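Reading through the structure tokens given below for one structure.
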Amino acid sequence: MFEGQHKTWIHYRNDIISCDVSTAMFLSGYLRHNAIHRLYPRFLEVIDLQKYKCITHADKVKAAIRERSEIPFVFIVGRN
């Protein structure tokens, strides 16, 4: 059934297990992209001048970016 499919799994850096280098590179890139998009709201603030509020909580920042990004006088800034 799986004739010719005998492959050796290699354990790469960052706990990526793959049978070839190209798959490992894809998984590494995908995991990095996923981690960046999951963690970026922790480092942002949303300043809404229409409602006079500053949103700093990560979950609320994500929601505010989705809902208010096109509204004027809503600014997305990085925390420093």
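FYI, nothing fancy with the structure tokens labels: chains A, B, ... in order, residues from 1 per chain, ligands from 1 as they appear.
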Using only C-alpha atoms, find each residue of stretch 14-48 of chain A with at least one atom at most 12 Å away from an atom of stretch 58-62 of chain A; report its shortest atom-to-atom pair and that distance in Å (one decimal), sort the rows by chain and rising residue number, and return the result as a tab-separated table.
residue	atom	partner	partner_atom	distance
A:His37	CA	A:Lys62	CA	10.1
A:Arg38	CA	A:Lys62	CA	9.5
A:Leu39	CA	A:Ala58	CA	8.6
A:Tyr40	CA	A:Ala58	CA	8.5
A:Pro41	CA	A:Ala58	CA	5.1
A:Arg42	CA	A:Ala58	CA	5.0
A:Phe43	CA	A:Ala58	CA	8.1
A:Leu44	CA	A:Val61	CA	7.3
A:Glu45	CA	A:Val61	CA	6.5
A:Val46	CA	A:Val61	CA	6.3
A:Ile47	CA	A:Val61	CA	9.7
A:Asp48	CA	A:Val61	CA	11.2
Would you save the residues of that selection, restricted to N, CA and C atoms, as a PDB file, in the first residue's frame?
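And here's out03.pdb as it stands now:
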ATOM      1  N   HIS A  37       1.012  36.880  14.161  1.00  0.00           N
ATOM      2  CA  HIS A  37      -0.356  37.393  14.106  1.00  0.00           C
ATOM      3  C   HIS A  37      -1.130  37.132  15.384  1.00  0.00           C
ATOM      4  N   ARG A  38      -0.725  36.143  16.140  1.00  0.00           N
ATOM      5  CA  ARG A  38      -1.393  35.877  17.412  1.00  0.00           C
ATOM      6  C   ARG A  38      -0.882  36.810  18.506  1.00  0.00           C
ATOM      7  N   LEU A  39       0.369  37.225  18.430  1.00  0.00           N
ATOM      8  CA  LEU A  39       0.985  38.006  19.500  1.00  0.00           C
ATOM      9  C   LEU A  39       1.021  39.512  19.251  1.00  0.00           C
ATOM     10  N   TYR A  40       0.801  39.969  18.027  1.00  0.00           N
ATOM     11  CA  TYR A  40       0.994  41.390  17.756  1.00  0.00           C
ATOM     12  C   TYR A  40       0.054  42.318  18.523  1.00  0.00           C
ATOM     13  N   PRO A  41      -1.201  41.958  18.861  1.00  0.00           N
ATOM     14  CA  PRO A  41      -2.042  42.913  19.599  1.00  0.00           C
ATOM     15  C   PRO A  41      -1.515  43.251  20.997  1.00  0.00           C
ATOM     16  N   ARG A  42      -0.643  42.425  21.557  1.00  0.00           N
ATOM     17  CA  ARG A  42      -0.082  42.739  22.871  1.00  0.00           C
ATOM     18  C   ARG A  42       0.779  43.989  22.831  1.00  0.00           C
ATOM     19  N   PHE A  43       1.294  44.317  21.651  1.00  0.00           N
ATOM     20  CA  PHE A  43       2.225  45.431  21.525  1.00  0.00           C
ATOM     21  C   PHE A  43       1.600  46.641  20.844  1.00  0.00           C
ATOM     22  N   LEU A  44       0.281  46.646  20.703  1.00  0.00           N
ATOM     23  CA  LEU A  44      -0.411  47.757  20.064  1.00  0.00           C
ATOM     24  C   LEU A  44      -1.442  48.359  21.008  1.00  0.00           C
ATOM     25  N   GLU A  45      -1.802  49.600  20.730  1.00  0.00           N
ATOM     26  CA  GLU A  45      -2.908  50.278  21.403  1.00  0.00           C
ATOM     27  C   GLU A  45      -3.799  50.880  20.330  1.00  0.00           C
ATOM     28  N   VAL A  46      -5.067  50.993  20.624  1.00  0.00           N
ATOM     29  CA  VAL A  46      -5.989  51.668  19.725  1.00  0.00           C
ATOM     30  C   VAL A  46      -6.482  52.909  20.448  1.00  0.00           C
ATOM     31  N   ILE A  47      -6.251  54.058  19.833  1.00  0.00           N
ATOM     32  CA  ILE A  47      -6.688  55.331  20.410  1.00  0.00           C
ATOM     33  C   ILE A  47      -7.857  55.822  19.578  1.00  0.00           C
ATOM     34  N   ASP A  48      -9.010  55.923  20.207  1.00  0.00           N
ATOM     35  CA  ASP A  48     -10.234  56.353  19.546  1.00  0.00           C
ATOM     36  C   ASP A  48     -10.568  57.753  20.046  1.00  0.00           C
TER      37      ASP A  48
END
inquiry  = Among chain A, which ones does DSSP assign to strand (DSSP E) (computed from the backbone)? Answer as a PyMOL selection string.
reply    = chain A and resi 10-12+16-18+44-48+53-55+74-78
Any chance you can output those residues with N, CA and C atoms as a PDB file, in the first residue's frame?
ATOM      1  N   ILE A  10      12.926  13.763  10.424  1.00  0.00           N
ATOM      2  CA  ILE A  10      14.043  14.489  11.026  1.00  0.00           C
ATOM      3  C   ILE A  10      13.474  15.557  11.949  1.00  0.00           C
ATOM      4  N   HIS A  11      14.085  15.687  13.118  1.00  0.00           N
ATOM      5  CA  HIS A  11      13.662  16.685  14.092  1.00  0.00           C
ATOM      6  C   HIS A  11      14.517  17.936  13.898  1.00  0.00           C
ATOM      7  N   TYR A  12      13.899  19.003  13.375  1.00  0.00           N
ATOM      8  CA  TYR A  12      14.593  20.253  13.125  1.00  0.00           C
ATOM      9  C   TYR A  12      14.461  21.174  14.332  1.00  0.00           C
ATOM     10  N   ILE A  16      10.164  21.182  14.977  1.00  0.00           N
ATOM     11  CA  ILE A  16       9.547  20.862  13.698  1.00  0.00           C
ATOM     12  C   ILE A  16      10.050  19.495  13.275  1.00  0.00           C
ATOM     13  N   ILE A  17       9.114  18.599  13.023  1.00  0.00           N
ATOM     14  CA  ILE A  17       9.444  17.244  12.581  1.00  0.00           C
ATOM     15  C   ILE A  17       8.926  17.086  11.163  1.00  0.00           C
ATOM     16  N   SER A  18       9.824  16.740  10.254  1.00  0.00           N
ATOM     17  CA  SER A  18       9.462  16.647   8.850  1.00  0.00           C
ATOM     18  C   SER A  18      10.338  15.615   8.166  1.00  0.00           C
ATOM     19  N   LEU A  44       0.281  46.646  20.703  1.00  0.00           N
ATOM     20  CA  LEU A  44      -0.411  47.757  20.064  1.00  0.00           C
ATOM     21  C   LEU A  44      -1.442  48.359  21.008  1.00  0.00           C
ATOM     22  N   GLU A  45      -1.802  49.600  20.730  1.00  0.00           N
ATOM     23  CA  GLU A  45      -2.908  50.278  21.403  1.00  0.00           C
ATOM     24  C   GLU A  45      -3.799  50.880  20.330  1.00  0.00           C
ATOM     25  N   VAL A  46      -5.067  50.993  20.624  1.00  0.00           N
ATOM     26  CA  VAL A  46      -5.989  51.668  19.725  1.00  0.00           C
ATOM     27  C   VAL A  46      -6.482  52.909  20.448  1.00  0.00           C
ATOM     28  N   ILE A  47      -6.251  54.058  19.833  1.00  0.00           N
ATOM     29  CA  ILE A  47      -6.688  55.331  20.410  1.00  0.00           C
ATOM     30  C   ILE A  47      -7.857  55.822  19.578  1.00  0.00           C
ATOM     31  N   ASP A  48      -9.010  55.923  20.207  1.00  0.00           N
ATOM     32  CA  ASP A  48     -10.234  56.353  19.546  1.00  0.00           C
ATOM     33  C   ASP A  48     -10.568  57.753  20.046  1.00  0.00           C
ATOM     34  N   LYS A  53     -11.261  57.272  24.177  1.00  0.00           N
ATOM     35  CA  LYS A  53     -10.775  56.101  24.913  1.00  0.00           C
ATOM     36  C   LYS A  53      -9.512  55.542  24.279  1.00  0.00           C
ATOM     37  N   CYS A  54      -8.732  54.882  25.110  1.00  0.00           N
ATOM     38  CA  CYS A  54      -7.512  54.215  24.691  1.00  0.00           C
ATOM     39  C   CYS A  54      -7.664  52.741  25.055  1.00  0.00           C
ATOM     40  N   ILE A  55      -7.609  51.867  24.061  1.00  0.00           N
ATOM     41  CA  ILE A  55      -7.814  50.436  24.278  1.00  0.00           C
ATOM     42  C   ILE A  55      -6.443  49.768  24.315  1.00  0.00           C
ATOM     43  N   VAL A  74      -9.425  57.195  14.523  1.00  0.00           N
ATOM     44  CA  VAL A  74      -9.067  55.993  15.286  1.00  0.00           C
ATOM     45  C   VAL A  74      -7.666  55.629  14.849  1.00  0.00           C
ATOM     46  N   PHE A  75      -6.741  55.608  15.815  1.00  0.00           N
ATOM     47  CA  PHE A  75      -5.345  55.409  15.498  1.00  0.00           C
ATOM     48  C   PHE A  75      -4.838  54.120  16.169  1.00  0.00           C
ATOM     49  N   ILE A  76      -4.089  53.360  15.416  1.00  0.00           N
ATOM     50  CA  ILE A  76      -3.447  52.155  15.928  1.00  0.00           C
ATOM     51  C   ILE A  76      -1.975  52.484  16.096  1.00  0.00           C
ATOM     52  N   VAL A  77      -1.504  52.454  17.335  1.00  0.00           N
ATOM     53  CA  VAL A  77      -0.124  52.845  17.617  1.00  0.00           C
ATOM     54  C   VAL A  77       0.584  51.737  18.381  1.00  0.00           C
ATOM     55  N   GLY A  78       1.909  51.693  18.259  1.00  0.00           N
ATOM     56  CA  GLY A  78       2.706  50.730  18.990  1.00  0.00           C
ATOM     57  C   GLY A  78       3.039  51.266  20.379  1.00  0.00           C
TER      58      GLY A  78
END
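Of the listed residues A:Lys7, A:Lys51, A:Arg79, A:Arg13, the one whose atoms come nearest to A:Leu27 is A:Arg13, with distances taken using only C-alpha atoms.
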query = Per DSSP on the backbone, what are the helix (DSSP H, G or I) residues of chain A, as a ChimeraX atom specification?
reply = /A:13-15,21-43,58-68
Produce a file of the selected residues containing N, CA and C atoms, as a short mmCIF file (atom, residue, chain, number, x, y, z; two decimals), in the first residue's frame.
data_model
loop_
_atom_site.label_atom_id
_atom_site.label_comp_id
_atom_site.auth_asym_id
_atom_site.auth_seq_id
_atom_site.Cartn_x
_atom_site.Cartn_y
_atom_site.Cartn_z
N ARG A 13 15.06 22.36 14.23
CA ARG A 13 14.94 23.34 15.30
C ARG A 13 13.49 23.76 15.49
N ASN A 14 13.19 24.31 16.66
CA ASN A 14 11.85 24.80 17.01
C ASN A 14 10.80 23.68 16.98
N ASP A 15 11.21 22.47 17.30
CA ASP A 15 10.31 21.31 17.39
C ASP A 15 9.52 21.05 16.12
N VAL A 21 13.46 18.85 3.75
CA VAL A 21 13.81 20.23 4.12
C VAL A 21 12.75 21.22 3.65
N SER A 22 12.19 21.01 2.48
CA SER A 22 11.20 21.98 1.97
C SER A 22 9.94 22.01 2.83
N THR A 23 9.50 20.86 3.29
CA THR A 23 8.34 20.82 4.18
C THR A 23 8.67 21.47 5.51
N ALA A 24 9.86 21.24 6.01
CA ALA A 24 10.28 21.86 7.27
C ALA A 24 10.33 23.38 7.14
N MET A 25 10.82 23.88 6.01
CA MET A 25 10.87 25.32 5.78
C MET A 25 9.46 25.91 5.73
N PHE A 26 8.55 25.21 5.05
CA PHE A 26 7.17 25.68 4.99
C PHE A 26 6.55 25.73 6.38
N LEU A 27 6.71 24.67 7.15
CA LEU A 27 6.15 24.62 8.50
C LEU A 27 6.75 25.71 9.39
N SER A 28 8.03 25.94 9.27
CA SER A 28 8.69 26.97 10.05
C SER A 28 8.13 28.35 9.72
N GLY A 29 7.98 28.64 8.44
CA GLY A 29 7.41 29.92 8.02
C GLY A 29 5.98 30.09 8.46
N TYR A 30 5.19 29.02 8.34
CA TYR A 30 3.79 29.08 8.75
C TYR A 30 3.66 29.30 10.25
N LEU A 31 4.45 28.58 11.04
CA LEU A 31 4.38 28.75 12.49
C LEU A 31 4.83 30.14 12.92
N ARG A 32 5.84 30.68 12.25
CA ARG A 32 6.30 32.04 12.57
C ARG A 32 5.21 33.04 12.24
N HIS A 33 4.59 32.92 11.07
CA HIS A 33 3.50 33.81 10.67
C HIS A 33 2.35 33.74 11.67
N ASN A 34 2.00 32.54 12.07
CA ASN A 34 0.91 32.34 13.01
C ASN A 34 1.23 32.97 14.36
N ALA A 35 2.44 32.79 14.84
CA ALA A 35 2.84 33.35 16.13
C ALA A 35 2.83 34.87 16.10
N ILE A 36 3.31 35.45 15.00
CA ILE A 36 3.33 36.91 14.89
C ILE A 36 1.92 37.47 14.92
N HIS A 37 1.01 36.88 14.16
CA HIS A 37 -0.36 37.39 14.11
C HIS A 37 -1.13 37.13 15.38
N ARG A 38 -0.72 36.14 16.14
CA ARG A 38 -1.39 35.88 17.41
C ARG A 38 -0.88 36.81 18.51
N LEU A 39 0.37 37.22 18.43
CA LEU A 39 0.99 38.01 19.50
C LEU A 39 1.02 39.51 19.25
N TYR A 40 0.80 39.97 18.03
CA TYR A 40 0.99 41.39 17.76
C TYR A 40 0.05 42.32 18.52
N PRO A 41 -1.20 41.96 18.86
CA PRO A 41 -2.04 42.91 19.60
C PRO A 41 -1.51 43.25 21.00
N ARG A 42 -0.64 42.42 21.56
CA ARG A 42 -0.08 42.74 22.87
C ARG A 42 0.78 43.99 22.83
N PHE A 43 1.29 44.32 21.65
CA PHE A 43 2.23 45.43 21.52
C PHE A 43 1.60 46.64 20.84
N ALA A 58 -5.31 43.14 24.94
CA ALA A 58 -5.02 42.48 23.66
C ALA A 58 -6.27 42.00 22.92
N ASP A 59 -7.21 41.39 23.63
CA ASP A 59 -8.42 40.91 22.95
C ASP A 59 -9.27 42.05 22.41
N LYS A 60 -9.35 43.11 23.20
CA LYS A 60 -10.13 44.27 22.76
C LYS A 60 -9.43 45.02 21.63
N VAL A 61 -8.10 45.00 21.63
CA VAL A 61 -7.35 45.62 20.53
C VAL A 61 -7.63 44.89 19.23
N LYS A 62 -7.64 43.56 19.27
CA LYS A 62 -7.95 42.77 18.07
C LYS A 62 -9.32 43.12 17.52
N ALA A 63 -10.31 43.17 18.42
CA ALA A 63 -11.68 43.49 18.00
C ALA A 63 -11.77 44.91 17.47
N ALA A 64 -11.10 45.84 18.12
CA ALA A 64 -11.14 47.24 17.67
C ALA A 64 -10.49 47.41 16.31
N ILE A 65 -9.42 46.68 16.05
CA ILE A 65 -8.77 46.76 14.74
C ILE A 65 -9.72 46.26 13.66
N ARG A 66 -10.42 45.18 13.95
CA ARG A 66 -11.38 44.64 12.97
C ARG A 66 -12.54 45.60 12.73
N GLU A 67 -13.07 46.19 13.81
CA GLU A 67 -14.30 46.99 13.71
C GLU A 67 -14.04 48.45 13.34
N ARG A 68 -12.98 49.03 13.84
CA ARG A 68 -12.82 50.48 13.74
C ARG A 68 -11.71 50.95 12.83
#
